[in-house]
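Q: Quick one, model-v5.txt (compact mmCIF, C-alpha atoms):
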# COMPACT_ATOMS: atom_id res chain seq x y z
CA MET R 1 6.98 -28.22 2.29
CA ASP R 2 8.71 -26.36 5.12
CA LEU R 3 7.41 -26.08 8.68
CA LEU R 4 5.04 -23.27 7.70
CA GLY R 5 3.55 -25.11 4.76
CA VAL R 6 5.45 -23.04 2.18
CA PRO R 7 6.13 -25.14 -0.93
CA ARG R 8 9.89 -25.61 -1.31
CA GLU R 9 9.77 -24.60 -4.94
CA PHE R 10 8.30 -21.25 -3.96
CA THR R 11 11.27 -18.94 -3.45
CA PRO R 12 10.37 -15.26 -3.16
CA ILE R 13 13.37 -13.02 -3.57
CA LEU R 14 14.44 -11.05 -0.54
CA ALA R 15 15.43 -7.45 -1.12
CA GLY R 16 19.18 -7.13 -1.11
CA LYS R 17 20.99 -4.94 1.39
CA GLU R 18 23.71 -3.84 -0.99
CA ARG R 19 24.63 -0.17 -1.12
CA LEU R 20 22.37 1.52 -3.68
CA PRO R 21 23.71 4.03 -6.20
CA LEU R 22 22.63 7.61 -5.70
CA VAL R 23 20.11 9.01 -8.13
CA PRO R 24 20.74 12.61 -9.19
CA GLY R 25 17.94 14.96 -8.31
CA LEU R 26 16.45 12.85 -5.53
CA PRO R 27 16.53 14.08 -1.93
CA PRO R 28 18.64 12.04 0.51
CA LEU R 29 15.67 10.13 1.99
CA ALA R 30 14.44 9.18 -1.44
CA ARG R 31 17.92 7.93 -2.30
CA LYS R 32 18.06 5.93 0.89
CA HIS R 33 14.74 4.21 0.27
CA ARG R 34 14.96 3.49 -3.44
CA LEU R 35 12.54 0.82 -4.57
CA ALA R 36 14.76 -1.24 -6.83
CA PRO R 37 17.40 -2.91 -4.68
CA GLN R 38 19.58 -5.55 -6.28
CA ARG R 39 17.71 -8.83 -6.13
CA MET R 40 19.28 -11.83 -4.47
CA LYS R 41 19.53 -15.11 -6.30
CA PRO R 42 17.01 -17.67 -5.04
CA THR R 43 19.87 -19.94 -3.98
CA ARG R 44 20.91 -17.33 -1.42
CA LEU R 45 17.50 -17.12 0.16
CA LYS R 46 17.45 -18.34 3.74
CA ARG R 47 14.20 -20.17 4.32
CA SER R 48 14.60 -19.59 8.04
CA ILE R 49 14.30 -15.83 7.42
CA TRP R 50 11.01 -16.36 5.59
CA ALA R 51 9.79 -18.54 8.43
CA ALA R 52 10.80 -15.92 11.00
CA ALA R 53 8.79 -13.30 9.11
CA LEU R 54 5.63 -15.25 9.82
CA LEU R 55 6.42 -16.50 13.30
CA VAL R 56 7.08 -13.10 14.88
CA GLY R 57 3.36 -12.60 15.43
CA ALA R 58 3.53 -14.76 18.51
CA CYS R 59 5.92 -12.38 20.26
CA PHE R 60 5.56 -9.09 18.40
CA ALA R 61 5.49 -5.94 20.53
CA PRO R 62 5.11 -2.37 19.22
CA ALA R 63 8.40 -0.56 18.81
CA ALA R 64 9.61 2.70 17.37
CA GLY R 65 9.26 2.93 13.60
CA GLN R 66 11.92 0.92 11.83
CA GLU R 67 12.50 -1.01 8.64
CA ARG R 68 12.06 -4.77 8.89
CA LYS R 69 14.58 -6.05 6.36
CA ASP R 70 14.22 -9.60 7.69
CA ARG R 71 10.60 -9.67 6.52
CA GLU R 72 11.01 -8.14 3.06
CA PHE R 73 10.81 -9.94 -0.28
CA GLN R 74 10.50 -9.12 -3.96
CA GLU R 75 8.99 -11.96 -5.94
CA CYS R 76 9.46 -10.94 -9.55
CA ARG R 77 11.28 -8.39 -11.65
CA ASP R 78 8.43 -5.87 -11.66
CA CYS R 79 6.95 -6.77 -8.29
CA PRO R 80 6.87 -4.11 -5.57
CA LEU R 81 8.86 -4.73 -2.41
CA MET R 82 6.65 -6.58 0.09
CA VAL R 83 6.77 -6.93 3.87
CA ALA R 84 5.44 -10.00 5.70
CA ILE R 85 2.91 -8.93 8.34
CA PRO R 86 2.47 -11.22 11.36
CA ALA R 87 -0.90 -12.67 12.29
CA GLY R 88 -2.64 -11.03 15.23
CA ARG R 89 -5.80 -9.68 16.79
CA PHE R 90 -6.72 -6.02 17.27
CA LEU R 91 -9.59 -3.67 18.07
CA MET R 92 -10.78 -2.12 14.80
CA GLY R 93 -12.32 1.34 14.72
CA SER R 94 -11.95 4.30 17.06
CA PRO R 95 -13.11 4.92 20.64
CA ALA R 96 -15.70 7.63 21.24
CA ARG R 97 -13.09 9.78 22.97
CA GLU R 98 -10.70 9.95 19.99
CA ALA R 99 -10.30 13.51 18.68
CA GLY R 100 -11.63 13.90 15.14
CA ARG R 101 -13.61 10.67 15.24
CA PHE R 102 -16.43 10.08 12.72
CA GLU R 103 -19.47 7.93 13.43
CA ASN R 104 -18.58 5.54 10.60
CA GLU R 105 -15.53 4.42 12.59
CA GLY R 106 -17.65 2.40 15.00
CA PRO R 107 -18.63 0.30 16.69
CA GLN R 108 -15.19 -0.87 17.71
CA HIS R 109 -14.91 -4.62 17.30
CA PRO R 110 -12.18 -7.27 17.67
CA VAL R 111 -10.73 -8.66 14.44
CA SER R 112 -8.37 -11.56 13.94
CA VAL R 113 -5.98 -11.22 11.00
CA ARG R 114 -4.04 -14.01 9.33
CA ALA R 115 -0.43 -13.47 8.30
CA PHE R 116 -0.19 -11.74 4.93
CA ALA R 117 2.19 -9.46 3.07
CA LEU R 118 1.70 -5.77 2.29
CA GLY R 119 3.61 -3.40 0.05
CA LYS R 120 6.40 -1.61 1.87
CA TYR R 121 5.37 1.49 -0.08
CA ASP R 122 2.44 2.63 -2.17
CA VAL R 123 2.73 1.53 -5.81
CA THR R 124 4.89 4.24 -7.36
CA SER R 125 4.56 6.26 -10.51
CA GLU R 126 7.46 4.32 -12.00
CA GLU R 127 5.85 0.96 -11.22
CA PHE R 128 2.50 2.00 -12.65
CA LEU R 129 4.17 3.30 -15.81
CA THR R 130 5.84 -0.10 -16.27
CA PHE R 131 2.37 -1.65 -16.29
CA LEU R 132 1.00 0.90 -18.79
CA ARG R 133 3.94 0.47 -21.16
CA ALA R 134 3.61 -3.29 -21.06
CA THR R 135 -0.15 -3.42 -21.62
CA GLY R 136 -1.35 -0.20 -23.23
CA TYR R 137 -4.04 0.03 -20.55
CA GLN R 138 -5.65 3.48 -20.49
CA PRO R 139 -7.03 4.78 -17.18
CA LYS R 140 -9.92 7.20 -17.34
CA PRO R 141 -9.20 10.84 -16.48
CA CYS R 142 -9.46 11.41 -12.74
CA ASN R 143 -10.37 15.04 -13.40
CA PRO R 144 -11.74 15.57 -16.93
CA ILE R 145 -12.16 19.32 -16.39
CA LEU R 146 -8.47 19.78 -15.68
CA GLU R 147 -7.56 17.02 -18.16
CA MET R 148 -5.74 15.20 -15.37
CA GLN R 149 -4.97 11.67 -16.49
CA TRP R 150 -2.37 9.04 -17.28
CA HIS R 151 -1.48 8.72 -20.97
CA SER R 152 -1.01 5.31 -22.51
CA PRO R 153 -1.10 5.44 -26.34
CA GLY R 154 0.45 1.99 -26.71
CA ASN R 155 3.62 0.83 -28.46
CA GLY R 156 5.46 0.81 -25.15
CA LEU R 157 4.78 4.49 -24.46
CA ALA R 158 3.19 6.00 -21.36
CA TRP R 159 3.54 9.08 -19.20
CA PRO R 160 2.04 10.29 -15.91
CA PRO R 161 -0.49 13.07 -15.26
CA TYR R 162 2.16 15.66 -14.37
CA ASP R 163 5.11 16.74 -16.47
CA GLU R 164 8.36 15.49 -14.98
CA GLU R 165 6.51 13.64 -12.24
CA PRO R 166 9.07 12.11 -9.85
CA ARG R 167 9.29 8.38 -10.32
CA LEU R 168 9.06 7.74 -6.57
CA TRP R 169 5.83 9.63 -6.08
CA PRO R 170 2.95 7.34 -5.19
CA ALA R 171 0.88 6.64 -8.30
CA ALA R 172 -2.30 8.70 -7.88
CA CYS R 173 -5.13 9.86 -10.13
CA LEU R 174 -6.28 6.23 -10.07
CA ASP R 175 -9.62 4.62 -9.36
CA TRP R 176 -10.47 1.21 -7.93
CA SER R 177 -10.71 -0.35 -11.39
CA ASP R 178 -7.24 0.92 -12.33
CA ALA R 179 -5.76 -0.63 -9.19
CA ASN R 180 -7.31 -3.99 -10.01
CA ALA R 181 -6.15 -3.82 -13.63
CA TYR R 182 -2.58 -3.39 -12.39
CA ILE R 183 -3.02 -6.31 -10.00
CA ALA R 184 -4.33 -8.62 -12.73
CA TRP R 185 -1.27 -7.82 -14.87
CA LEU R 186 1.14 -8.33 -11.98
CA ASN R 187 -0.33 -11.74 -11.13
CA LYS R 188 0.33 -12.84 -14.72
CA GLU R 189 3.90 -11.57 -14.45
CA VAL R 190 4.44 -13.55 -11.24
CA GLN R 191 3.07 -16.74 -12.75
CA SER R 192 5.22 -16.23 -15.84
CA GLU R 193 8.38 -16.02 -13.73
CA HIS R 194 7.22 -18.77 -11.35
CA PRO R 195 5.28 -21.34 -13.43
CA GLN R 196 4.97 -23.57 -10.37
CA LEU R 197 2.43 -21.05 -8.99
CA ALA R 198 0.05 -21.57 -11.91
CA GLY R 199 -3.30 -22.92 -10.81
CA ARG R 200 -2.91 -21.65 -7.25
CA GLY R 201 -4.98 -18.54 -7.73
CA SER R 202 -3.88 -14.93 -7.89
CA PRO R 203 -1.70 -14.09 -4.90
CA TYR R 204 -1.65 -10.30 -5.26
CA ARG R 205 -4.72 -8.23 -4.45
CA LEU R 206 -5.92 -5.12 -2.65
CA PRO R 207 -5.84 -5.39 1.13
CA SER R 208 -9.06 -5.73 3.05
CA GLU R 209 -10.02 -2.73 5.13
CA ALA R 210 -9.28 -4.72 8.29
CA GLU R 211 -5.84 -5.75 7.04
CA TRP R 212 -5.11 -2.15 6.12
CA GLU R 213 -5.99 -0.80 9.58
CA TYR R 214 -4.16 -3.63 11.33
CA ALA R 215 -1.04 -2.83 9.30
CA ALA R 216 -1.42 0.93 9.78
CA ARG R 217 -1.67 0.53 13.55
CA ALA R 218 1.22 -1.94 13.68
CA GLY R 219 0.41 -2.98 17.22
CA THR R 220 -0.45 0.52 18.50
CA THR R 221 -3.77 1.76 19.89
CA THR R 222 -3.25 5.52 19.51
CA ALA R 223 -4.87 7.64 16.80
CA ARG R 224 -1.70 7.37 14.71
CA TRP R 225 1.10 4.86 14.98
CA TRP R 226 3.44 7.56 16.33
CA GLY R 227 0.95 8.79 18.98
CA ASP R 228 -2.34 10.64 19.40
CA ALA R 229 -1.05 14.08 18.33
CA ILE R 230 -0.34 14.81 14.68
CA GLY R 231 3.11 16.14 15.62
CA SER R 232 5.34 17.61 12.95
CA GLY R 233 7.01 15.99 9.97
CA ASN R 234 5.40 12.57 10.34
CA ALA R 235 3.29 12.66 7.15
CA ASP R 236 2.16 14.82 4.23
CA CYS R 237 -1.22 16.51 4.82
CA ASN R 238 -2.79 19.92 5.27
CA GLY R 239 -1.35 20.58 8.71
CA CYS R 240 1.21 17.79 9.20
CA GLY R 241 4.17 20.15 9.50
CA SER R 242 6.05 18.89 6.46
CA ARG R 243 7.40 20.99 3.59
CA TRP R 244 5.04 19.17 1.20
CA ASP R 245 1.86 20.00 3.18
CA ASP R 246 -1.17 20.90 1.07
CA SER R 247 1.00 21.55 -1.96
CA GLU R 248 2.36 18.36 -3.52
CA LEU R 249 3.03 14.68 -3.07
CA ALA R 250 6.13 13.42 -1.32
CA ASP R 251 8.28 10.47 -2.42
CA VAL R 252 7.07 7.21 -0.91
CA GLY R 253 10.11 6.74 1.34
CA THR R 254 10.16 10.25 2.75
CA PHE R 255 8.76 9.71 6.24
CA ALA R 256 9.71 7.22 8.93
CA PRO R 257 8.24 3.69 8.70
CA ASN R 258 5.82 2.33 11.27
CA PRO R 259 6.73 -0.58 13.60
CA PHE R 260 5.81 -3.10 10.88
CA GLY R 261 8.33 -1.45 8.54
CA LEU R 262 5.68 0.13 6.28
CA PHE R 263 6.15 3.60 4.81
CA GLY R 264 3.43 6.19 4.15
CA MET R 265 0.41 4.42 5.60
CA LEU R 266 -1.01 7.82 6.62
CA GLY R 267 -1.17 10.91 4.41
CA ASN R 268 0.18 11.64 0.91
CA VAL R 269 -2.51 9.71 -1.01
CA TRP R 270 -5.66 7.82 -0.08
CA GLN R 271 -5.31 4.07 -0.54
CA TRP R 272 -7.94 1.82 -2.09
CA THR R 273 -9.06 -1.34 -0.26
CA ALA R 274 -11.07 -4.33 -1.45
CA ASP R 275 -14.13 -3.60 0.75
CA CYS R 276 -17.52 -2.33 -0.31
CA TRP R 277 -18.65 0.73 1.63
CA HIS R 278 -20.75 0.55 4.80
CA ASP R 279 -21.72 3.47 7.03
CA SER R 280 -20.72 1.55 10.17
CA TYR R 281 -19.10 -1.67 11.30
CA ALA R 282 -22.36 -3.26 12.39
CA GLY R 283 -22.18 -6.80 10.99
CA ALA R 284 -18.59 -6.44 9.76
CA PRO R 285 -16.44 -9.57 9.34
CA GLN R 286 -14.24 -10.38 12.31
CA ASP R 287 -11.79 -12.61 10.48
CA GLY R 288 -9.90 -9.90 8.58
CA SER R 289 -11.57 -10.66 5.25
CA ALA R 290 -12.92 -8.02 2.88
CA TRP R 291 -16.59 -7.03 3.31
CA LYS R 292 -17.85 -7.59 -0.23
CA SER R 293 -21.58 -7.15 0.30
CA GLY R 294 -23.57 -3.96 0.71
CA ASN R 295 -23.02 -0.80 -1.33
CA CYS R 296 -20.47 -2.08 -3.80
CA GLU R 297 -20.86 0.95 -6.05
CA LYS R 298 -18.46 2.50 -3.54
CA HIS R 299 -15.26 1.12 -2.07
CA VAL R 300 -13.38 2.05 1.05
CA ILE R 301 -10.35 4.31 0.88
CA ARG R 302 -7.98 4.78 3.80
CA GLY R 303 -5.09 6.91 5.05
CA GLY R 304 -5.95 10.44 3.95
CA SER R 305 -4.06 12.58 1.45
CA TRP R 306 -1.76 15.58 1.10
CA ASP R 307 -4.65 18.10 1.12
CA ASN R 308 -6.65 16.62 4.02
CA VAL R 309 -6.62 18.15 7.49
CA PRO R 310 -5.15 16.02 10.32
CA ILE R 311 -8.43 14.46 11.48
CA PHE R 312 -8.30 12.34 8.32
CA ILE R 313 -4.72 11.31 9.00
CA ARG R 314 -5.60 8.68 11.61
CA SER R 315 -5.43 4.89 11.58
CA ALA R 316 -9.21 4.58 11.99
CA ALA R 317 -10.28 7.33 9.56
CA ARG R 318 -12.16 6.02 6.54
CA SER R 319 -14.01 7.30 3.52
CA SER R 320 -15.37 5.98 0.23
CA SER R 321 -15.48 6.68 -3.47
CA THR R 322 -17.18 5.13 -6.46
CA ALA R 323 -15.08 2.69 -8.43
CA ASP R 324 -14.55 5.27 -11.18
CA GLY R 325 -14.04 8.18 -8.77
CA GLY R 326 -17.12 9.87 -10.20
CA GLU R 327 -18.87 10.92 -7.00
CA TYR R 328 -16.03 13.17 -5.90
CA ASP R 329 -12.47 13.71 -7.04
CA TYR R 330 -11.11 11.17 -4.57
CA SER R 331 -9.58 9.28 -7.47
CA SER R 332 -7.31 12.26 -8.15
CA LEU R 333 -6.11 11.89 -4.57
CA SER R 334 -6.03 8.09 -4.44
CA GLY R 335 -3.43 5.44 -5.03
CA PHE R 336 -2.97 1.94 -3.64
CA ARG R 337 -0.58 -0.59 -2.22
CA LEU R 338 -0.60 -4.32 -2.76
CA ALA R 339 -1.44 -7.15 -0.42
CA ARG R 340 -0.34 -10.72 -0.98
CA ASP R 341 -1.67 -13.97 0.39
CA LEU R 342 0.89 -16.10 2.17
CA PRO R 343 0.73 -19.91 1.99
Would you mind writing the structure in this file as structure tokens?
A:
Amino acid sequence: MDLLGVPREFTPILAGKERLPLVPGLPPLARKHRLAPQRMKPTRLKRSIWAAALLVGACFAPAAGQERKDREFQECRDCPLMVAIPAGRFLMGSPAREAGRFENEGPQHPVSVRAFALGKYDVTSEEFLTFLRATGYQPKPCNPILEMQWHSPGNGLAWPPYDEEPRLWPAACLDWSDANAYIAWLNKEVQSEHPQLAGRGSPYRLPSEAEWEYAARAGTTTARWWGDAIGSGNADCNGCGSRWDDSELADVGTFAPNPFGLFGMLGNVWQWTADCWHDSYAGAPQDGSAWKSGNCEKHVIRGGSWDNVPIFIRSAARSSSTADGGEYDYSSLSGFRLARDLP
């Protein structure tokens, strides 16, 4: 065991910093932030870097958005790139004075969050297709009227809802059950590549709502990590000032990262969390855990999407959808990113 209690045989693979080959047809930002960097051999992993990723919580201060390469790791061949998030305490919810605030964002309450890891990006179309081809899992249509759905006939074949869908789009048209099916598969993949993790539970999961907001704020207290105003070109929404606004998804690495090094926490697609829906935070957990009692026919979604107006593109904004997306077409606008427990 090292000083943080991480088993010495557990060696997550840090994302390499080697120059990445350009991909024809991708815009420069998408090329810059490709999701499949060359993986470093475990023998090259510096355990002190992993320790630093968890210890920064004691002295972390908000800074301008930047990547945090020292905190990144990729644990298996098909695992998304993860970022270690420092432990901390924050005020969850929005103050009464915040423009665009909804009543379900209160009361504000302090929450303590343990160190964990969160996907640097939303799970991408390419990553979700890898899962479908490996398993033959068939998601339900997110919009039966428009026949909008993923196609997974088996035999290693699968294709996304849109023809020629860019591989770095966030995977959308997914409900809560689809997200958890992907997670169950990925946990098996991790344990297959790292047999020493067998019997230690399933490390990958959806983030709790508290973890999601803590990560989205990244030490800030404004409506959005970049400030109170929506500004221009900070996200993809209906009024965000980007060329993708209210028309299409943007690649996951398009906009600047927040101070924790996370891309796309606001806008583009809603993101599923583990929590059951509640109309307020009265009685909410204060330890960062998921709230799994109450109306569990619905689960919390966060972040807003490409067709939402800016009041939904705030760190505190929240909504809900049924697990199968049946109440409203939120599943056609929803994707997810992974959380991981840290030892």
Q: Would you list the contacts of Leu249 (chain R) as a ChimeraX atom specification, taking every protein, DNA or RNA residue within 8 Å and counting all atoms listed in the file, but skipping same-chain residues closer than 4 positions in sequence?
A: /R:169-170,236,244,268-269,306
Q: Quick one: write out the picked residues with C-alpha atoms as a CSV table (one decimal), in the coordinates of the input?
A:
chain,number,residue,atom,x,y,z
R,169,TRP,CA,5.8,9.6,-6.1
R,170,PRO,CA,3.0,7.3,-5.2
R,236,ASP,CA,2.2,14.8,4.2
R,244,TRP,CA,5.0,19.2,1.2
R,268,ASN,CA,0.2,11.6,0.9
R,269,VAL,CA,-2.5,9.7,-1.0
R,306,TRP,CA,-1.8,15.6,1.1
Q: What's the 9 Å shell around Pro257 (chain R), counting only C-alpha atoms, without same-chain residues fewer than 2 positions away, as a list in words?
A: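 Residues near the query, excluding close chain neighbours: Ala64, Gly65, Gln66, Glu67, Lys120, Gly253, Phe255, Pro259, Phe260, Gly261, Leu262, Phe263, Gly264 and Met265 of chain R.
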Q: Store the residues picked out above in a file with C-alpha atoms, as a PDB file, in the frame of the given file.
A:
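Result file selection-v6.pdb:
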ATOM      1  CA  ALA R  64       9.610   2.700  17.370  1.00  0.00           C
ATOM      2  CA  GLY R  65       9.260   2.930  13.600  1.00  0.00           C
ATOM      3  CA  GLN R  66      11.920   0.920  11.830  1.00  0.00           C
ATOM      4  CA  GLU R  67      12.500  -1.010   8.640  1.00  0.00           C
ATOM      5  CA  LYS R 120       6.400  -1.610   1.870  1.00  0.00           C
ATOM      6  CA  GLY R 253      10.110   6.740   1.340  1.00  0.00           C
ATOM      7  CA  PHE R 255       8.760   9.710   6.240  1.00  0.00           C
ATOM      8  CA  PRO R 259       6.730  -0.580  13.600  1.00  0.00           C
ATOM      9  CA  PHE R 260       5.810  -3.100  10.880  1.00  0.00           C
ATOM     10  CA  GLY R 261       8.330  -1.450   8.540  1.00  0.00           C
ATOM     11  CA  LEU R 262       5.680   0.130   6.280  1.00  0.00           C
ATOM     12  CA  PHE R 263       6.150   3.600   4.810  1.00  0.00           C
ATOM     13  CA  GLY R 264       3.430   6.190   4.150  1.00  0.00           C
ATOM     14  CA  MET R 265       0.410   4.420   5.600  1.00  0.00           C
TER      15      MET R 265
END
Q: Ranking R:Gln286, R:Ser232, R:Ser315, R:Thr254 by minimum distance to Leu266 (chain R) and counting only C-alpha atoms, which one comes first?
A: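 Among R:Gln286, R:Ser232, R:Ser315, R:Thr254, it is R:Ser315 that comes nearest to Leu266 (chain R).
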Q: Residues at most 10 Å from Gly156 (chain R), counting all atoms listed in the file, excluding those fewer than 2 positions away in the same chain, as a list in words?
A: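 Non-adjacent residues within range: Leu129, Thr130, Phe131, Leu132, Arg133, Ala134, Thr135, Gly136, Ser152, Pro153, Gly154 and Ala158 of chain R.
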Q: If I take CA of Ile313 (chain R) and CA of Gly100 (chain R), how far is one from the other in Å, to one decimal?
A: 9.6 Å
Q: Smallest atom-to-atom distance to Tyr121 (chain R): which of R:Pro80, R:Gly239, R:Gly219, R:Gly233, using all atoms listed in the file?
A: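 For Tyr121 (chain R), the nearest of the candidates is R:Pro80.
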Q: Determine, counting only C-alpha atoms, which protein, DNA and RNA residues have an atom within 9 Å of an atom of Tyr214 (chain R); residues of the same chain fewer than 6 positions away are not included. Present the result as a count of residues only.
A: 9
